[in-house]
>>> print(open('query_34.cif').read())   # mmCIF, C-alpha atoms, pLDDT in the B column; chains and numbers go by the auth columns
data_data
loop_
_atom_site.group_PDB
_atom_site.id
_atom_site.type_symbol
_atom_site.label_atom_id
_atom_site.label_comp_id
_atom_site.label_asym_id
_atom_site.label_seq_id
_atom_site.Cartn_x
_atom_site.Cartn_y
_atom_site.Cartn_z
_atom_site.B_iso_or_equiv
_atom_site.auth_seq_id
_atom_site.auth_asym_id
ATOM 1 C CA MET A 1 77.594 88.289 105.124 89.00 26 A
ATOM 2 C CA ILE A 2 80.954 90.014 104.776 93.00 27 A
ATOM 3 C CA THR A 3 81.596 91.742 101.459 96.00 28 A
ATOM 4 C CA VAL A 4 84.820 92.789 99.745 97.00 29 A
ATOM 5 C CA SER A 5 85.348 95.996 97.752 97.00 30 A
ATOM 6 C CA ASP A 6 86.949 95.839 94.303 97.00 31 A
ATOM 7 C CA LYS A 7 90.119 97.505 95.633 96.00 32 A
ATOM 8 C CA ALA A 8 90.378 94.996 98.521 96.00 33 A
ATOM 9 C CA LYS A 9 89.839 92.101 96.099 97.00 34 A
ATOM 10 C CA GLU A 10 92.739 93.303 93.937 96.00 35 A
ATOM 11 C CA LYS A 11 95.048 93.602 96.951 96.00 36 A
ATOM 12 C CA ILE A 12 94.047 90.195 98.373 96.00 37 A
ATOM 13 C CA GLU A 13 94.689 88.502 95.013 96.00 38 A
ATOM 14 C CA HIS A 14 98.067 90.253 94.813 95.00 39 A
ATOM 15 C CA LEU A 15 99.038 89.103 98.337 95.00 40 A
ATOM 16 C CA ILE A 16 97.983 85.513 97.620 95.00 41 A
ATOM 17 C CA ALA A 17 100.033 85.459 94.406 95.00 42 A
ATOM 18 C CA ASP A 18 103.086 87.016 96.091 96.00 43 A
ATOM 19 C CA ALA A 19 102.956 84.432 98.901 96.00 44 A
ATOM 20 C CA HIS A 20 102.456 81.565 96.393 96.00 45 A
ATOM 21 C CA LEU A 21 99.445 80.301 98.352 96.00 46 A
ATOM 22 C CA ASP A 22 97.413 77.503 96.806 92.00 47 A
ATOM 23 C CA PRO A 23 93.661 77.807 96.137 89.00 48 A
ATOM 24 C CA THR A 24 92.743 76.159 99.453 92.00 49 A
ATOM 25 C CA TYR A 25 93.639 79.379 101.309 95.00 50 A
ATOM 26 C CA ARG A 26 90.923 81.778 102.375 96.00 51 A
ATOM 27 C CA LEU A 27 90.982 85.172 104.012 96.00 52 A
ATOM 28 C CA ARG A 28 90.228 84.783 107.727 97.00 53 A
ATOM 29 C CA ALA A 29 88.685 87.843 109.370 95.00 54 A
ATOM 30 C CA SER A 30 88.359 87.928 113.140 94.00 55 A
ATOM 31 C CA VAL A 31 87.870 90.173 116.125 90.00 56 A
ATOM 32 C CA ALA A 32 90.024 90.120 119.264 85.00 57 A
ATOM 33 C CA GLY A 33 89.986 92.080 122.480 80.00 58 A
ATOM 34 C CA GLY A 34 92.376 95.019 122.494 70.00 59 A
ATOM 35 C CA GLY A 35 93.076 98.272 120.762 61.00 60 A
ATOM 36 C CA CYS A 36 92.190 101.721 121.988 59.00 61 A
ATOM 37 C CA SER A 37 88.437 101.183 121.448 56.00 62 A
ATOM 38 C CA GLY A 38 88.199 97.720 123.029 74.00 63 A
ATOM 39 C CA LEU A 39 88.041 95.356 120.037 81.00 64 A
ATOM 40 C CA SER A 40 90.476 95.034 117.151 84.00 65 A
ATOM 41 C CA TYR A 41 90.274 93.548 113.679 86.00 66 A
ATOM 42 C CA LYS A 42 92.537 90.756 112.473 92.00 67 A
ATOM 43 C CA LEU A 43 93.173 89.440 108.961 93.00 68 A
ATOM 44 C CA ASP A 44 95.126 86.306 108.049 95.00 69 A
ATOM 45 C CA PHE A 45 95.237 83.689 105.331 97.00 70 A
ATOM 46 C CA ASP A 46 94.120 80.230 106.442 95.00 71 A
ATOM 47 C CA ASN A 47 93.608 76.920 104.669 95.00 72 A
ATOM 48 C CA GLU A 48 91.630 75.326 107.499 93.00 73 A
ATOM 49 C CA VAL A 49 87.899 75.748 108.037 92.00 74 A
ATOM 50 C CA LYS A 50 86.694 74.873 111.528 93.00 75 A
ATOM 51 C CA PRO A 51 83.253 73.320 112.183 93.00 76 A
ATOM 52 C CA MET A 52 81.642 76.529 113.536 93.00 77 A
ATOM 53 C CA ASP A 53 83.179 78.884 110.948 96.00 78 A
ATOM 54 C CA GLN A 54 80.999 80.962 108.656 95.00 79 A
ATOM 55 C CA GLU A 55 82.246 81.069 105.078 95.00 80 A
ATOM 56 C CA PHE A 56 81.322 83.672 102.470 94.00 81 A
ATOM 57 C CA GLU A 57 82.401 84.385 98.925 96.00 82 A
ATOM 58 C CA ASP A 58 82.240 87.813 97.354 97.00 83 A
ATOM 59 C CA LYS A 59 83.793 88.768 94.018 96.00 84 A
ATOM 60 C CA GLY A 60 85.670 85.449 94.037 95.00 85 A
ATOM 61 C CA VAL A 61 87.277 86.091 97.447 96.00 86 A
ATOM 62 C CA ARG A 62 86.510 83.452 100.056 96.00 87 A
ATOM 63 C CA VAL A 63 86.238 84.865 103.574 96.00 88 A
ATOM 64 C CA VAL A 64 86.087 82.719 106.722 97.00 89 A
ATOM 65 C CA VAL A 65 84.943 84.053 110.101 97.00 90 A
ATOM 66 C CA ASP A 66 84.597 82.261 113.425 96.00 91 A
ATOM 67 C CA MET A 67 81.102 82.445 114.923 95.00 92 A
ATOM 68 C CA LYS A 68 82.048 84.799 117.789 93.00 93 A
ATOM 69 C CA SER A 69 83.707 87.280 115.421 93.00 94 A
ATOM 70 C CA PHE A 70 80.796 87.048 112.990 94.00 95 A
ATOM 71 C CA LEU A 71 78.494 88.511 115.657 91.00 96 A
ATOM 72 C CA TYR A 72 80.586 91.708 115.428 89.00 97 A
ATOM 73 C CA LEU A 73 81.301 91.600 111.677 93.00 98 A
ATOM 74 C CA ALA A 74 77.910 90.764 110.109 93.00 99 A
ATOM 75 C CA GLY A 75 77.218 93.225 107.294 94.00 100 A
ATOM 76 C CA THR A 76 80.798 94.538 107.199 93.00 101 A
ATOM 77 C CA GLU A 77 82.592 95.484 103.990 95.00 102 A
ATOM 78 C CA LEU A 78 86.348 95.002 103.745 95.00 103 A
ATOM 79 C CA ASN A 79 88.071 97.836 101.863 93.00 104 A
ATOM 80 C CA PHE A 80 91.622 98.775 100.937 93.00 105 A
ATOM 81 C CA SER A 81 93.151 102.226 100.702 89.00 106 A
ATOM 82 C CA ASP A 82 96.476 103.145 99.179 85.00 107 A
ATOM 83 C CA GLY A 83 96.042 106.903 99.473 75.00 108 A
ATOM 84 C CA LEU A 84 98.090 109.525 101.268 70.00 109 A
ATOM 85 C CA ASN A 85 95.909 109.462 104.394 69.00 110 A
ATOM 86 C CA GLY A 86 96.702 105.843 105.147 70.00 111 A
ATOM 87 C CA LYS A 87 97.481 102.599 103.438 78.00 112 A
ATOM 88 C CA GLY A 88 95.971 99.243 104.235 87.00 113 A
ATOM 89 C CA PHE A 89 92.809 97.289 104.787 90.00 114 A
ATOM 90 C CA TYR A 90 89.954 98.848 106.705 88.00 115 A
ATOM 91 C CA PHE A 91 86.489 97.705 107.717 89.00 116 A
ATOM 92 C CA ASP A 92 83.200 99.513 107.078 89.00 117 A
ATOM 93 C CA ASN A 93 81.405 97.947 110.026 86.00 118 A
ATOM 94 C CA PRO A 94 77.756 98.950 110.569 89.00 119 A
ATOM 95 C CA ASN A 95 77.854 97.340 114.037 81.00 120 A
ATOM 96 C CA ALA A 96 80.597 99.621 115.381 78.00 121 A
ATOM 97 C CA SER A 97 79.312 102.432 117.591 69.00 122 A
ATOM 98 C CA ARG A 98 82.781 103.957 117.939 60.00 123 A
ATOM 99 C CA THR A 99 86.103 103.523 116.148 65.00 124 A
ATOM 100 C CA CYS A 100 89.579 104.776 116.920 55.00 125 A
ATOM 101 C CA GLY A 101 91.356 107.321 114.725 55.00 126 A
ATOM 102 C CA CYS A 102 93.476 104.712 112.969 52.00 127 A
ATOM 103 C CA GLY A 103 90.463 102.478 112.220 53.00 128 A
ATOM 104 C CA GLU A 104 92.069 99.356 113.653 55.00 129 A
ATOM 105 C CA SER A 105 89.815 99.058 116.684 52.00 130 A
ATOM 106 C CA PHE A 106 86.159 99.611 117.500 54.00 131 A
ATOM 107 C CA SER A 107 83.468 99.155 120.128 57.00 132 A
ATOM 108 C CA VAL A 108 79.823 98.134 119.891 61.00 133 A
#
>>> encode(input="query_34.cif", output="structure tokens")
Amino acid sequence: MITVSDKAKEKIEHLIADAHLDPTYRLRASVAGGGCSGLSYKLDFDNEVKPMDQEFEDKGVRVVVDMKSFLYLAGTELNFSDGLNGKGFYFDNPNASRTCGCGESFSV
């Protein structure tokens, strides 16, 4: 499962409202090759669920992940920071053996 912190939930709801997205949209989390550690995180809004997607709901936020990305993201918590040391979404990923300084890429 992928969980969502309270702060991330607030930000996601704000982004959905600002973009005037209808309730069919979900947060799509994925992993792609790249970044300084080898794999990078991706977040988008998507209103299409593919046959092999995994879908989770936490705190009212629906998260969709393709099966390949789920292998890297299982047990991850999505957080949001708006502090002085950085602003944006970040992943607390128990599967990552190494992450880059900016937190946007990782390796397993």
>>> closest_residue(input="query_34.cif", among="A:Ala33, A:Pro76, A:Ala54, A:Gly63", to="Leu96 in chain A", atoms="only C-alpha atoms")
A:Ala54
>>> atom_distance(input="query_34.cif", atom1="CA of Glu80 in chain A", atom2="CA of Lys34 in chain A")
16.1 Å
>>> closest_residue(input="query_34.cif", among="A:Val90, A:Asp69, A:Tyr97, A:Lys36", to="Lys112 in chain A", atoms="all atoms listed in the file")
A:Lys36
>>> resolve_selection(input="query_34.cif", expression="the PyMOL selection byres ((chain A and resi 44-50) around 7)", output="list in words")
Leu40, Ile41, Ala42, Asp43, Arg51, Leu52, Phe70, Asp71 and Asn72 of chain A
>>> closest_residue(input="query_34.cif", among="A:His39, A:Lys75, A:Lys84, A:Lys67", to="Leu98 in chain A", atoms="all atoms listed in the file")
A:Lys67
>>> resolve_selection(input="query_34.cif", expression="the PyMOL selection byres ((chain A and resi 102) around 6)", output="list in words")
Ile27, Thr28, Val29, Thr101, Leu103, Phe116 and Asp117 of chain A
>>> closest_residue(input="query_34.cif", among="A:Ala99, A:Met77, A:Val86, A:Val56", to="Glu38 in chain A", atoms="all atoms listed in the file")
A:Val86
>>> atom_distance(input="query_34.cif", atom1="CA of Val88 in chain A", atom2="CA of Ala57 in chain A")
17.0 Å
>>> atom_distance(input="query_34.cif", atom1="CA of Glu35 in chain A", atom2="CA of Asp83 in chain A")
12.3 Å
>>> closest_residue(input="query_34.cif", among="A:Ser94, A:Arg53, A:Lys32, A:Phe81", to="Ser65 in chain A", atoms="only C-alpha atoms")
A:Ser94
>>> closest_residue(input="query_34.cif", among="A:Ala121, A:Val89, A:Leu109, A:Leu68", to="Ile37 in chain A", atoms="only C-alpha atoms")
A:Leu68
>>> axis_aligned_box(input="query_34.cif", around="range 90-100 of chain A", padding_each_side="4 Å", output="JSON")
{"center_x": 81.1, "center_y": 87.7, "center_z": 112.5, "size_x": 15.7, "size_y": 19.0, "size_z": 18.5}
>>> resolve_selection(input="query_34.cif", expression="the PyMOL selection byres ((chain A and resi 115) around 8)", output="MDAnalysis selection string")
chainID A and resid 103:106 113:114 116:117 128:129
